[in-house]
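*Asks:* Sharing a structure here in structure tokens format.
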Amino acid sequence: MKPSEQHRAALELARANLPRRDEDAPLFRAPWHARIFALIIALVKNEHLGWKPFQENLVVVLARHQSADQDQSDTQVEFEYFDCWLIAAEMTLLEAGFVAEDEISKHIDDIRAMVAQIRADQLSHHH
């Protein structure tokens, strides 16, 4: 299979895994949904990651997080779905050696500290 065919196949697999939505609804409800989707697709397209390991992790995570609450809104279902994408991405990146577990926690802590500082700066400018 040529690289261009692999790229097309990866995109088709990813599209097939996206939640269904109305035609006029946005493809992603939140910016981070698009980012995690783009990250995985870029890694697969550039052959840094196989689609199959990610997909297998996603299936495991989706099964683990499958909600017993059938009365969820489409928005709730989609957010839960992309939470699963994020967890599966983390698992796949850890397994592939892209990141170490302690690095993920450190990055999360750094981002939280940065967000807290931005909020504090914004509040101090409003007073």
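Residue numbers start at 1 in each chain; chains themselves are named A, B, ... in the order of the structure tokens; ligands are numbered from 1 in the order shown.
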Running DSSP on the backbone, which parts of segment 23-124 of chain A land in helix (DSSP H, G or I), as a ChimeraX atom specification?

*Replies:* /A:31-45,51-65,74-95,101-124

*Asks:* Just the residues within 9 Å of segment 102-116 of chain A, please, counting only C-alpha atoms, with nothing from its chain fewer than 4 positions along; format it as a list in words.

*Replies:*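 So the residues in contact are Glu90, Ala120 and Asp121 of chain A.
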